[in-house]
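Below is one structure, written out as structure tokens, with a few remarks after it.
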Amino acid sequence: MLLGGRKGHIAAFDWMTKDLMTVINVLETVRDIQFNFLI
């Protein structure tokens, strides 16, 4: 799952295990976010 917030936080975590993969702060409003999964 990928989440973005109004204060610039982006977080990705595994939905099944609830493990946090990464957290990024881009210092601007996040309006749209997309997770691309390539095999």
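Naming works like this for the structure tokens: A, B, ... for the chains as they're shown, residue 1 at the start of each chain, ligands 1 onward in shown order.
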
task = Tell me, as JSON, numbers by chain, which residues lie within 8 Å of region 14-31 of chain A, counting only C-alpha atoms; anything in the same chain fewer than 4 positions away does not count.
result = {"A": [1, 4, 5, 6, 7, 8, 9, 10]}

task = Select from chain A everything DSSP, run on the backbone, classes as strand (DSSP E or B), then give the selection as a PyMOL selection string.
result = chain A and resi 2-4+9-13+20-25

Would you output that residue set with C-alpha atoms, as a tab-separated table (two decimals), in the first residue's frame?
chain	number	residue	atom	x	y	z
A	2	LEU	CA	1.20	3.49	-0.82
A	3	LEU	CA	0.03	6.54	1.16
A	4	GLY	CA	0.58	10.26	0.59
A	9	HIS	CA	4.87	12.46	3.52
A	10	ILE	CA	4.92	9.38	1.30
A	11	ALA	CA	4.95	5.92	2.89
A	12	ALA	CA	4.95	2.44	1.40
A	13	PHE	CA	4.24	-0.68	3.41
A	20	LEU	CA	7.10	-0.51	6.54
A	21	MET	CA	9.14	-0.41	3.32
A	22	THR	CA	10.02	3.28	3.07
A	23	VAL	CA	9.06	6.78	4.19
A	24	ILE	CA	9.91	9.93	2.19
A	25	ASN	CA	9.16	13.59	2.94
